[in-house]
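Enquirer: Next comes the structure file my_file06.pdb, holding PDB, C-alpha atoms.
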ATOM      1  CA  MET T   1     -48.940  96.998 -60.530
ATOM      2  CA  TYR T   2     -51.675  94.403 -60.370
ATOM      3  CA  SER T   3     -54.996  95.264 -58.762
ATOM      4  CA  LEU T   4     -55.647  93.514 -55.453
ATOM      5  CA  PHE T   5     -58.781  92.022 -56.942
ATOM      6  CA  SER T   6     -57.264  90.701 -60.149
ATOM      7  CA  LEU T   7     -56.589  87.053 -60.934
ATOM      8  CA  PRO T   8     -52.946  87.735 -62.005
ATOM      9  CA  PHE T   9     -52.265  89.302 -58.594
ATOM     10  CA  TRP T  10     -53.441  86.227 -56.684
ATOM     11  CA  ARG T  11     -51.711  83.911 -59.162
ATOM     12  CA  GLN T  12     -48.482  85.782 -58.426
ATOM     13  CA  VAL T  13     -49.087  85.519 -54.659
ATOM     14  CA  LEU T  14     -49.626  81.752 -54.982
ATOM     15  CA  THR T  15     -46.535  81.408 -57.176
ATOM     16  CA  ASN T  16     -44.444  83.213 -54.559
ATOM     17  CA  LEU T  17     -45.530  80.719 -51.906
ATOM     18  CA  LEU T  18     -44.460  77.691 -53.963
ATOM     19  CA  PRO T  19     -40.816  76.644 -54.421
ATOM     20  CA  PRO T  20     -39.508  78.072 -57.710
ATOM     21  CA  LYS T  21     -39.236  75.864 -60.783
ATOM     22  CA  ARG T  22     -35.779  74.568 -61.606
ATOM     23  CA  PHE T  23     -35.098  75.494 -65.207
ATOM     24  CA  PRO T  24     -32.476  73.137 -66.661
ATOM     25  CA  PHE T  25     -30.106  75.028 -68.965
ATOM     26  CA  ASP T  26     -27.771  73.532 -71.536
ATOM     27  CA  PRO T  27     -24.240  73.527 -70.038
ATOM     28  CA  THR T  28     -22.709  72.951 -73.476
ATOM     29  CA  ALA T  29     -24.277  76.119 -74.955
ATOM     30  CA  PRO T  30     -22.046  79.213 -75.116
ATOM     31  CA  SER T  31     -24.565  81.253 -73.079
ATOM     32  CA  ILE T  32     -27.448  80.565 -70.719
ATOM     33  CA  ILE T  33     -30.535  80.753 -72.918
ATOM     34  CA  VAL T  34     -33.950  81.177 -71.314
ATOM     35  CA  PRO T  35     -37.454  81.187 -72.833
ATOM     36  CA  VAL T  36     -39.081  84.595 -72.501
ATOM     37  CA  THR T  37     -42.636  85.636 -73.365
ATOM     38  CA  LEU T  38     -43.203  89.273 -74.325
ATOM     39  CA  THR T  39     -46.766  90.587 -74.404
ATOM     40  CA  ASN T  40     -48.147  93.812 -75.796
ATOM     41  CA  HIS T  41     -51.946  93.629 -75.609
ATOM     42  CA  SER T  42     -52.990  90.950 -78.126
ATOM     43  CA  LYS T  43     -49.500  90.503 -79.621
ATOM     44  CA  VAL T  44     -47.334  87.828 -78.002
ATOM     45  CA  ALA T  45     -43.836  86.582 -78.799
ATOM     46  CA  THR T  46     -42.040  83.729 -77.087
ATOM     47  CA  ILE T  47     -38.340  83.949 -77.833
ATOM     48  CA  SER T  48     -34.976  82.738 -76.609
ATOM     49  CA  MET T  49     -32.949  85.331 -74.728
ATOM     50  CA  VAL T  50     -29.423  85.269 -73.387
ATOM     51  CA  LEU T  51     -29.440  85.673 -69.606
ATOM     52  CA  ASP T  52     -27.090  88.637 -69.233
ATOM     53  CA  THR T  53     -26.447  90.179 -65.828
ATOM     54  CA  GLY T  54     -23.908  92.431 -67.554
ATOM     55  CA  ALA T  55     -26.651  94.138 -69.576
ATOM     56  CA  SER T  56     -28.361  97.061 -67.846
ATOM     57  CA  TYR T  57     -31.530  96.608 -69.894
ATOM     58  CA  VAL T  58     -33.568  93.993 -71.652
ATOM     59  CA  VAL T  59     -32.559  94.202 -75.315
ATOM     60  CA  ILE T  60     -34.604  93.188 -78.360
ATOM     61  CA  ARG T  61     -34.187  93.499 -82.128
ATOM     62  CA  PRO T  62     -35.986  96.290 -84.053
ATOM     63  CA  SER T  63     -37.970  93.770 -86.110
ATOM     64  CA  LEU T  64     -39.405  92.166 -82.986
ATOM     65  CA  ALA T  65     -40.343  95.582 -81.579
ATOM     66  CA  GLN T  66     -42.245  96.282 -84.802
ATOM     67  CA  ALA T  67     -43.937  92.872 -84.808
ATOM     68  CA  LEU T  68     -45.182  93.523 -81.264
ATOM     69  CA  ASN T  69     -46.375  97.031 -82.219
ATOM     70  CA  LEU T  70     -44.319  98.560 -79.412
ATOM     71  CA  ASP T  71     -44.270 102.338 -79.160
ATOM     72  CA  LEU T  72     -40.834 103.914 -79.068
ATOM     73  CA  ASP T  73     -39.982 106.261 -76.202
ATOM     74  CA  SER T  74     -39.493 109.842 -77.294
ATOM     75  CA  THR T  75     -35.855 109.926 -76.204
ATOM     76  CA  THR T  76     -32.921 107.737 -77.139
ATOM     77  CA  LEU T  77     -30.458 106.341 -74.612
ATOM     78  CA  ASP T  78     -26.680 106.566 -74.710
ATOM     79  CA  ILE T  79     -25.369 103.063 -74.211
ATOM     80  CA  SER T  80     -21.960 101.476 -73.927
ATOM     81  CA  THR T  81     -21.430  98.328 -75.993
ATOM     82  CA  ALA T  82     -18.497  96.012 -76.645
ATOM     83  CA  SER T  83     -17.779  97.991 -79.798
ATOM     84  CA  GLY T  84     -18.019 101.454 -78.197
ATOM     85  CA  SER T  85     -20.664 104.008 -77.296
ATOM     86  CA  ALA T  86     -23.891 104.350 -79.235
ATOM     87  CA  SER T  87     -27.325 105.879 -79.116
ATOM     88  CA  ALA T  88     -30.241 103.451 -79.010
ATOM     89  CA  ALA T  89     -34.018 103.609 -79.205
ATOM     90  CA  SER T  90     -35.913 102.526 -76.138
ATOM     91  CA  THR T  91     -39.377 101.285 -75.324
ATOM     92  CA  THR T  92     -41.386  99.854 -72.453
ATOM     93  CA  ILE T  93     -42.643  96.311 -72.850
ATOM     94  CA  PRO T  94     -46.023  95.992 -71.082
ATOM     95  CA  GLN T  95     -45.424  92.437 -69.832
ATOM     96  CA  ILE T  96     -42.472  90.043 -69.736
ATOM     97  CA  THR T  97     -42.770  86.519 -68.332
ATOM     98  CA  VAL T  98     -39.842  84.246 -67.505
ATOM     99  CA  LEU T  99     -40.618  80.913 -65.840
ATOM    100  CA  ASP T 100     -43.265  81.837 -63.242
ATOM    101  CA  CYS T 101     -42.214  85.476 -62.934
ATOM    102  CA  THR T 102     -44.121  88.236 -64.688
ATOM    103  CA  CYS T 103     -42.879  91.803 -64.688
ATOM    104  CA  LEU T 104     -44.951  94.705 -65.978
ATOM    105  CA  ARG T 105     -43.710  97.762 -67.890
ATOM    106  CA  VAL T 106     -40.110  96.711 -68.449
ATOM    107  CA  PRO T 107     -37.706  99.354 -69.866
ATOM    108  CA  THR T 108     -36.117  97.875 -72.985
ATOM    109  CA  ILE T 109     -33.453  98.854 -75.521
ATOM    110  CA  ILE T 110     -34.101  98.257 -79.198
ATOM    111  CA  THR T 111     -30.953  97.615 -81.180
ATOM    112  CA  HIS T 112     -29.419  95.286 -83.720
ATOM    113  CA  LEU T 113     -27.860  92.129 -82.328
ATOM    114  CA  PRO T 114     -25.336  89.888 -84.054
ATOM    115  CA  GLU T 115     -26.889  87.089 -86.136
ATOM    116  CA  ASP T 116     -24.686  84.391 -84.690
ATOM    117  CA  THR T 117     -25.834  84.744 -81.065
ATOM    118  CA  GLY T 118     -28.683  82.404 -81.981
ATOM    119  CA  ALA T 119     -30.915  84.275 -79.547
ATOM    120  CA  ASP T 120     -33.436  87.023 -80.086
ATOM    121  CA  GLY T 121     -32.497  89.301 -77.229
ATOM    122  CA  LEU T 122     -30.773  89.847 -73.919
ATOM    123  CA  LEU T 123     -32.493  89.417 -70.574
ATOM    124  CA  GLY T 124     -30.826  92.196 -68.612
ATOM    125  CA  LEU T 125     -31.160  93.949 -65.302
ATOM    126  CA  SER T 126     -34.261  95.989 -66.138
ATOM    127  CA  PHE T 127     -36.125  92.671 -65.810
ATOM    128  CA  LEU T 128     -33.883  90.811 -63.339
ATOM    129  CA  ASN T 129     -33.803  93.583 -60.724
ATOM    130  CA  GLY T 130     -36.231  92.693 -57.980
ATOM    131  CA  TYR T 131     -35.951  88.929 -58.443
ATOM    132  CA  HIS T 132     -33.920  86.306 -56.663
ATOM    133  CA  LEU T 133     -31.900  84.617 -59.411
ATOM    134  CA  ASN T 134     -30.031  81.482 -58.438
ATOM    135  CA  ILE T 135     -27.747  79.815 -60.992
ATOM    136  CA  ASN T 136     -26.426  76.380 -60.146
ATOM    137  CA  PHE T 137     -23.490  75.720 -62.490
ATOM    138  CA  THR T 138     -22.736  72.384 -60.872
ATOM    139  CA  HIS T 139     -26.117  70.885 -61.619
ATOM    140  CA  HIS T 140     -26.982  73.128 -64.580
ATOM    141  CA  TYR T 141     -30.230  74.675 -63.478
ATOM    142  CA  LEU T 142     -31.474  78.088 -62.463
ATOM    143  CA  THR T 143     -34.347  79.356 -60.391
ATOM    144  CA  LEU T 144     -36.041  82.726 -60.459
ATOM    145  CA  LYS T 145     -38.319  83.986 -57.735
TER
ATOM    146  CA  MET S   1     -44.280  70.348 -85.839
ATOM    147  CA  ASN S   2     -42.046  69.635 -82.855
ATOM    148  CA  LEU S   3     -38.657  71.309 -82.491
ATOM    149  CA  SER S   4     -36.506  68.281 -83.294
ATOM    150  CA  SER S   5     -38.329  67.834 -86.626
ATOM    151  CA  LEU S   6     -38.000  71.556 -87.288
ATOM    152  CA  LYS S   7     -34.237  71.466 -86.644
ATOM    153  CA  LYS S   8     -33.822  68.562 -89.070
ATOM    154  CA  LYS S   9     -35.970  70.128 -91.789
ATOM    155  CA  PHE S  10     -34.510  73.657 -91.569
ATOM    156  CA  LYS S  11     -30.926  72.995 -90.484
ATOM    157  CA  ASP S  12     -28.808  76.069 -89.617
ATOM    158  CA  GLN S  13     -31.606  78.505 -90.404
ATOM    159  CA  TRP S  14     -33.728  81.167 -88.764
ATOM    160  CA  VAL S  15     -37.392  80.173 -88.600
ATOM    161  CA  LEU S  16     -40.386  82.419 -87.960
ATOM    162  CA  ALA S  17     -43.264  80.319 -86.623
ATOM    163  CA  ARG S  18     -46.633  80.404 -84.951
ATOM    164  CA  VAL S  19     -46.516  79.009 -81.391
ATOM    165  CA  GLU S  20     -48.748  75.969 -80.919
ATOM    166  CA  GLU S  21     -47.534  74.586 -77.601
ATOM    167  CA  LYS S  22     -45.199  75.451 -74.731
ATOM    168  CA  ASP S  23     -43.763  73.367 -71.896
ATOM    169  CA  GLN S  24     -43.863  73.944 -68.120
ATOM    170  CA  TYR S  25     -40.939  76.399 -68.386
ATOM    171  CA  GLY S  26     -42.609  78.481 -71.054
ATOM    172  CA  ALA S  27     -40.316  77.173 -73.801
ATOM    173  CA  VAL S  28     -41.818  76.607 -77.221
ATOM    174  CA  THR S  29     -42.267  72.911 -78.034
ATOM    175  CA  LYS S  30     -44.599  72.826 -81.065
ATOM    176  CA  VAL S  31     -44.881  75.347 -83.892
ATOM    177  CA  THR S  32     -46.254  75.951 -87.348
ATOM    178  CA  PRO S  33     -43.477  77.385 -89.547
ATOM    179  CA  ILE S  34     -44.298  80.618 -91.392
ATOM    180  CA  ALA S  35     -40.960  81.425 -93.005
ATOM    181  CA  HIS S  36     -37.366  80.198 -92.952
ATOM    182  CA  ALA S  37     -34.086  81.600 -94.216
ATOM    183  CA  LYS S  38     -30.339  81.340 -93.765
ATOM    184  CA  ARG S  39     -30.099  85.099 -93.219
ATOM    185  CA  ARG S  40     -31.763  86.737 -90.274
ATOM    186  CA  GLN S  41     -32.599  89.843 -92.334
ATOM    187  CA  GLN S  42     -34.983  87.865 -94.534
ATOM    188  CA  ILE S  43     -36.857  86.608 -91.473
ATOM    189  CA  ASP S  44     -36.989  90.157 -90.083
ATOM    190  CA  GLN S  45     -38.910  91.294 -93.170
ATOM    191  CA  LYS S  46     -41.521  88.576 -92.603
ATOM    192  CA  LEU S  47     -41.595  89.218 -88.867
ATOM    193  CA  ILE S  48     -42.405  92.916 -89.293
ATOM    194  CA  HIS S  49     -45.448  92.123 -91.401
ATOM    195  CA  THR S  50     -46.808  89.068 -89.618
ATOM    196  CA  GLN S  51     -50.389  89.206 -88.391
ATOM    197  CA  GLU S  52     -50.063  86.153 -86.145
ATOM    198  CA  LYS S  53     -50.969  86.733 -82.502
ATOM    199  CA  HIS S  54     -48.360  84.465 -80.894
ATOM    200  CA  ILE S  55     -45.087  84.075 -82.736
ATOM    201  CA  THR S  56     -41.586  82.830 -82.139
ATOM    202  CA  VAL S  57     -38.271  83.078 -83.941
ATOM    203  CA  LEU S  58     -35.957  80.089 -83.679
ATOM    204  CA  TYR S  59     -32.368  79.523 -84.760
ATOM    205  CA  THR S  60     -31.646  75.889 -85.621
ATOM    206  CA  GLY S  61     -27.856  76.159 -85.842
ATOM    207  CA  GLU S  62     -25.149  76.304 -83.192
ATOM    208  CA  PRO S  63     -24.686  79.762 -81.668
ATOM    209  CA  LYS S  64     -21.133  81.126 -81.444
ATOM    210  CA  PRO S  65     -19.474  81.874 -78.094
ATOM    211  CA  ARG S  66     -19.805  85.459 -76.767
ATOM    212  CA  ILE S  67     -17.094  87.445 -75.037
TER
END
Would you give me this structure, written as structure tokens?
Expert:
Amino acid sequence: MYSLFSLPFWRQVLTNLLPPKRFPFDPTAPSIIVPVTLTNHSKVATISMVLDTGASYVVIRPSLAQALNLDLDSTTLDISTASGSASAASTTIPQITVLDCTCLRVPTIITHLPEDTGADGLLGLSFLNGYHLNINFTHHYLTLK
Amino acid sequence: MNLSSLKKKFKDQWVLARVEEKDQYGAVTKVTPIAHAKRRQQIDQKLIHTQEKHITVLYTGEPKPRI
């Protein structure tokens, strides 16, 4: 939670009053790819993530978790994947920003992803919950508020 | 280096880069390449040890469809 007196709090209030940005996605791409900025103190990574409402969590690769110096949670999570059940490490990312929306302390799964997705993670429900996501497939844009 | 130049120079590769500029949507538009490789694993090794403050990893090829 932001403090009532902090600049990020009032920036977020102002952002909520403005109409959301229309992010144009590539309709020819096999997935909807969105730019995502992950912040852990002074370490920042801006990566492409697949927008995935079928994923319960945000998912990142182990190498990215290490690069951001993220601390692993003490327990692993049992997850269900396309190839069966598995146990995965988890973490909490201090700050994730997508378009104008910033979410603090986002539960995240750390696991290997296929090379050929072309993206560096999945933007799942642990971020998307609490936002109004509107995907316009006719005009190929999305908004997030 | 802008992204279209990067895609031409490092075709079908993974690129680890320092972020120089982003657009209004927060997407990376200008970078300084740090490492590039055909295999993701090689980039992961560089990524783990990078000391850069703001990094990105880009794939310059065509991603495959997911099911």
Enquirer: Leu72 of chain T: which residues within 8 Å, counting only C-alpha atoms, same-chain residues fewer than 4 positions away excluded, as a PDB file with C-alpha atoms, keeping the file's coordinate frame?
Expert:
ATOM      1  CA  ALA T  89     -34.018 103.609 -79.205  1.00  0.00           C
ATOM      2  CA  SER T  90     -35.913 102.526 -76.138  1.00  0.00           C
ATOM      3  CA  THR T  91     -39.377 101.285 -75.324  1.00  0.00           C
ATOM      4  CA  THR T  92     -41.386  99.854 -72.453  1.00  0.00           C
TER       5      THR T  92
END
Enquirer: Hey, which of T:Ser80, T:Asp52, T:Pro24, T:Asp71 ends up closest to Thr138 of chain T? Count all atoms listed in the file.
Expert: T:Pro24
Enquirer: Given the point (-40.5, 84.5, -85.9) in the file's coordinates, find the residues that have an atom at most 6 Å from it, counting only C-alpha atoms, and give them as a PyMOL selection string.
Expert: chain S and resi 15-17+47+55-57
Enquirer: Compile the contact shell of Gly26 of chain S as a list in words: residues with an atom at most 10 Å away, counting all atoms listed in the file, same-chain residues fewer than 4 positions apart removed.
Expert: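 With the cut-off at 10 Å, the set is Phe23, Val34, Pro35, Val36, Thr37, Thr46, Ile47, Thr97, Val98, Leu99 and Asp100 of chain T; Glu21 and Lys22 of chain S.
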Enquirer: Could you name the residues that touch Glu20 of chain S at 7 Å or less, counting all atoms listed in the file, but leaving out those on the same chain fewer than 6 positions away, as a PyMOL selection string?
Expert: chain S and resi 30-32
Enquirer: With 6 Å as the limit and counting all atoms listed in the file, what residues in chain T lie close to chain S? Please list them as a ChimeraX atom specification.
Expert: /T:30,35,43-47,63,66-67,99,116-118
Enquirer: Run through the PyMOL selection byres ((chain T and resi 110) around 7) on the given coordinates and return the selected residues as a short mmCIF file (atom, residue, chain, number, x, y, z; two decimals) with C-alpha atoms, in the coordinates of the input.
Expert:
data_model
loop_
_atom_site.label_atom_id
_atom_site.label_comp_id
_atom_site.auth_asym_id
_atom_site.auth_seq_id
_atom_site.Cartn_x
_atom_site.Cartn_y
_atom_site.Cartn_z
CA VAL T 59 -32.56 94.20 -75.32
CA ILE T 60 -34.60 93.19 -78.36
CA ARG T 61 -34.19 93.50 -82.13
CA PRO T 62 -35.99 96.29 -84.05
CA ALA T 88 -30.24 103.45 -79.01
CA ALA T 89 -34.02 103.61 -79.20
CA SER T 90 -35.91 102.53 -76.14
CA THR T 108 -36.12 97.88 -72.98
CA ILE T 109 -33.45 98.85 -75.52
CA THR T 111 -30.95 97.62 -81.18
#
Enquirer: In Å, rounded to a single decimal, give me how far atom CA of Arg105 of chain T is from atom CA of Val13 of chain T.
Expert: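 That distance, rounded to one decimal, is 18.8 Å.
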Enquirer: Can you pull out the residues contacting Leu142 of chain T? Cut-off 8 Å, using all atoms listed in the file, and skip same-chain residues under 5 positions away; I want them as a PyMOL selection string.
Expert: chain T and resi 22-25+133-136
Enquirer: Quick one: distance from atom CA of Pro33 of chain S to atom CA of Glu115 of chain T in Å, one decimal?
Expert: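 Going from atom CA of Pro33 of chain S over to atom CA of Glu115 of chain T covers 19.5 Å.
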Enquirer: Pick out the closest residue to Arg11 of chain T from this set: T:Asp26, T:Leu70, T:Asp78, T:Cys101. Count all atoms listed in the file.
Expert: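 Ranked by minimum distance to Arg11 of chain T, first place goes to T:Cys101.
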Enquirer: Counting only C-alpha atoms, which residue out of T:Ser3, T:Ala119, T:Cys103, T:Pro114 sits closest to Tyr131 of chain T?
Expert: T:Cys103
Enquirer: Interatomic distance between atom CA of His36 of chain S and atom CA of Ser4 of chain S?
Expert: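 According to the coordinates, atom CA of His36 of chain S and atom CA of Ser4 of chain S are separated by 15.4 Å.
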Enquirer: I would like the residues chosen by the PyMOL selection byres ((chain T and resi 20) around 8) on the shown file; could you give them as a VMD selection string?
Expert: chain T and resid 15 to 16 18 to 19 21 to 22 100 143 to 145
Enquirer: Export C-alpha atoms of the chosen residues as a CSV table (one decimal), in the frame of the given file?
Expert:
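Once everything was written out, this is out_18.csv:
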chain,number,residue,atom,x,y,z
T,15,THR,CA,-46.5,81.4,-57.2
T,16,ASN,CA,-44.4,83.2,-54.6
T,18,LEU,CA,-44.5,77.7,-54.0
T,19,PRO,CA,-40.8,76.6,-54.4
T,21,LYS,CA,-39.2,75.9,-60.8
T,22,ARG,CA,-35.8,74.6,-61.6
T,100,ASP,CA,-43.3,81.8,-63.2
T,143,THR,CA,-34.3,79.4,-60.4
T,144,LEU,CA,-36.0,82.7,-60.5
T,145,LYS,CA,-38.3,84.0,-57.7
Enquirer: Enclose all atoms of segment 12-15 of chain T listed in the file in an axis-aligned box, grow every side by 8 Å, and hand back centre and edge lengths in Å to one decimal, as lines of an AutoDock Vina configuration file.
Expert:
center_x = -48.1
center_y = 83.6
center_z = -56.5
size_x = 19.1
size_y = 20.4
size_z = 19.8
Enquirer: Restricting the calculation to all atoms listed in the file, which member of T:Thr75, T:Gln12, T:Ser42, T:Ser6 is positioned closest to Pro94 of chain T?
Expert: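 Using all atoms listed in the file, the shortest distance to Pro94 of chain T belongs to T:Ser42.
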Enquirer: Hey, what's within 9 Å of Val106 of chain T if we count all atoms listed in the file and toss same-chain stuff fewer than 4 positions away? As a PyMOL selection string, please?
Expert: chain T and resi 57-58+91-96+126-127
Enquirer: Missing atoms in segment 12-27 of chain S: fill them in up to N, CA and C atoms and send the result as a PDB file, keeping the file's coordinate frame.
Expert:
ATOM      1  N   ASP S  12     -29.618  74.843 -89.595  1.00  0.00           N
ATOM      2  CA  ASP S  12     -28.808  76.069 -89.617  1.00  0.00           C
ATOM      3  C   ASP S  12     -29.559  77.254 -90.229  1.00  0.00           C
ATOM      4  N   GLN S  13     -30.808  77.402 -89.859  1.00  0.00           N
ATOM      5  CA  GLN S  13     -31.606  78.505 -90.404  1.00  0.00           C
ATOM      6  C   GLN S  13     -32.347  79.243 -89.280  1.00  0.00           C
ATOM      7  N   TRP S  14     -32.804  80.435 -89.631  1.00  0.00           N
ATOM      8  CA  TRP S  14     -33.728  81.167 -88.764  1.00  0.00           C
ATOM      9  C   TRP S  14     -35.141  80.812 -89.219  1.00  0.00           C
ATOM     10  N   VAL S  15     -36.012  80.557 -88.264  1.00  0.00           N
ATOM     11  CA  VAL S  15     -37.392  80.173 -88.600  1.00  0.00           C
ATOM     12  C   VAL S  15     -38.366  81.067 -87.835  1.00  0.00           C
ATOM     13  N   LEU S  16     -39.270  81.685 -88.566  1.00  0.00           N
ATOM     14  CA  LEU S  16     -40.386  82.419 -87.960  1.00  0.00           C
ATOM     15  C   LEU S  16     -41.566  81.452 -87.909  1.00  0.00           C
ATOM     16  N   ALA S  17     -42.208  81.326 -86.753  1.00  0.00           N
ATOM     17  CA  ALA S  17     -43.264  80.319 -86.623  1.00  0.00           C
ATOM     18  C   ALA S  17     -44.367  80.794 -85.684  1.00  0.00           C
ATOM     19  N   ARG S  18     -45.523  80.182 -85.876  1.00  0.00           N
ATOM     20  CA  ARG S  18     -46.633  80.404 -84.951  1.00  0.00           C
ATOM     21  C   ARG S  18     -46.493  79.409 -83.796  1.00  0.00           C
ATOM     22  N   VAL S  19     -46.645  79.886 -82.568  1.00  0.00           N
ATOM     23  CA  VAL S  19     -46.516  79.009 -81.391  1.00  0.00           C
ATOM     24  C   VAL S  19     -47.784  78.186 -81.225  1.00  0.00           C
ATOM     25  N   GLU S  20     -47.601  76.868 -81.126  1.00  0.00           N
ATOM     26  CA  GLU S  20     -48.748  75.969 -80.919  1.00  0.00           C
ATOM     27  C   GLU S  20     -48.774  75.419 -79.495  1.00  0.00           C
ATOM     28  N   GLU S  21     -47.584  75.212 -78.925  1.00  0.00           N
ATOM     29  CA  GLU S  21     -47.534  74.586 -77.601  1.00  0.00           C
ATOM     30  C   GLU S  21     -46.266  74.995 -76.867  1.00  0.00           C
ATOM     31  N   LYS S  22     -46.380  75.149 -75.546  1.00  0.00           N
ATOM     32  CA  LYS S  22     -45.199  75.451 -74.731  1.00  0.00           C
ATOM     33  C   LYS S  22     -45.122  74.437 -73.586  1.00  0.00           C
ATOM     34  N   ASP S  23     -43.909  74.298 -73.009  1.00  0.00           N
ATOM     35  CA  ASP S  23     -43.763  73.367 -71.896  1.00  0.00           C
ATOM     36  C   ASP S  23     -43.921  74.092 -70.552  1.00  0.00           C
ATOM     37  N   GLN S  24     -43.653  73.385 -69.467  1.00  0.00           N
ATOM     38  CA  GLN S  24     -43.863  73.944 -68.120  1.00  0.00           C
ATOM     39  C   GLN S  24     -42.956  75.145 -67.823  1.00  0.00           C
ATOM     40  N   TYR S  25     -41.856  75.275 -68.594  1.00  0.00           N
ATOM     41  CA  TYR S  25     -40.939  76.399 -68.386  1.00  0.00           C
ATOM     42  C   TYR S  25     -41.261  77.590 -69.291  1.00  0.00           C
ATOM     43  N   GLY S  26     -42.259  77.411 -70.124  1.00  0.00           N
ATOM     44  CA  GLY S  26     -42.609  78.481 -71.054  1.00  0.00           C
ATOM     45  C   GLY S  26     -41.831  78.414 -72.358  1.00  0.00           C
ATOM     46  N   ALA S  27     -41.078  77.328 -72.553  1.00  0.00           N
ATOM     47  CA  ALA S  27     -40.316  77.173 -73.801  1.00  0.00           C
ATOM     48  C   ALA S  27     -41.218  76.598 -74.884  1.00  0.00           C
TER      49      ALA S  27
END
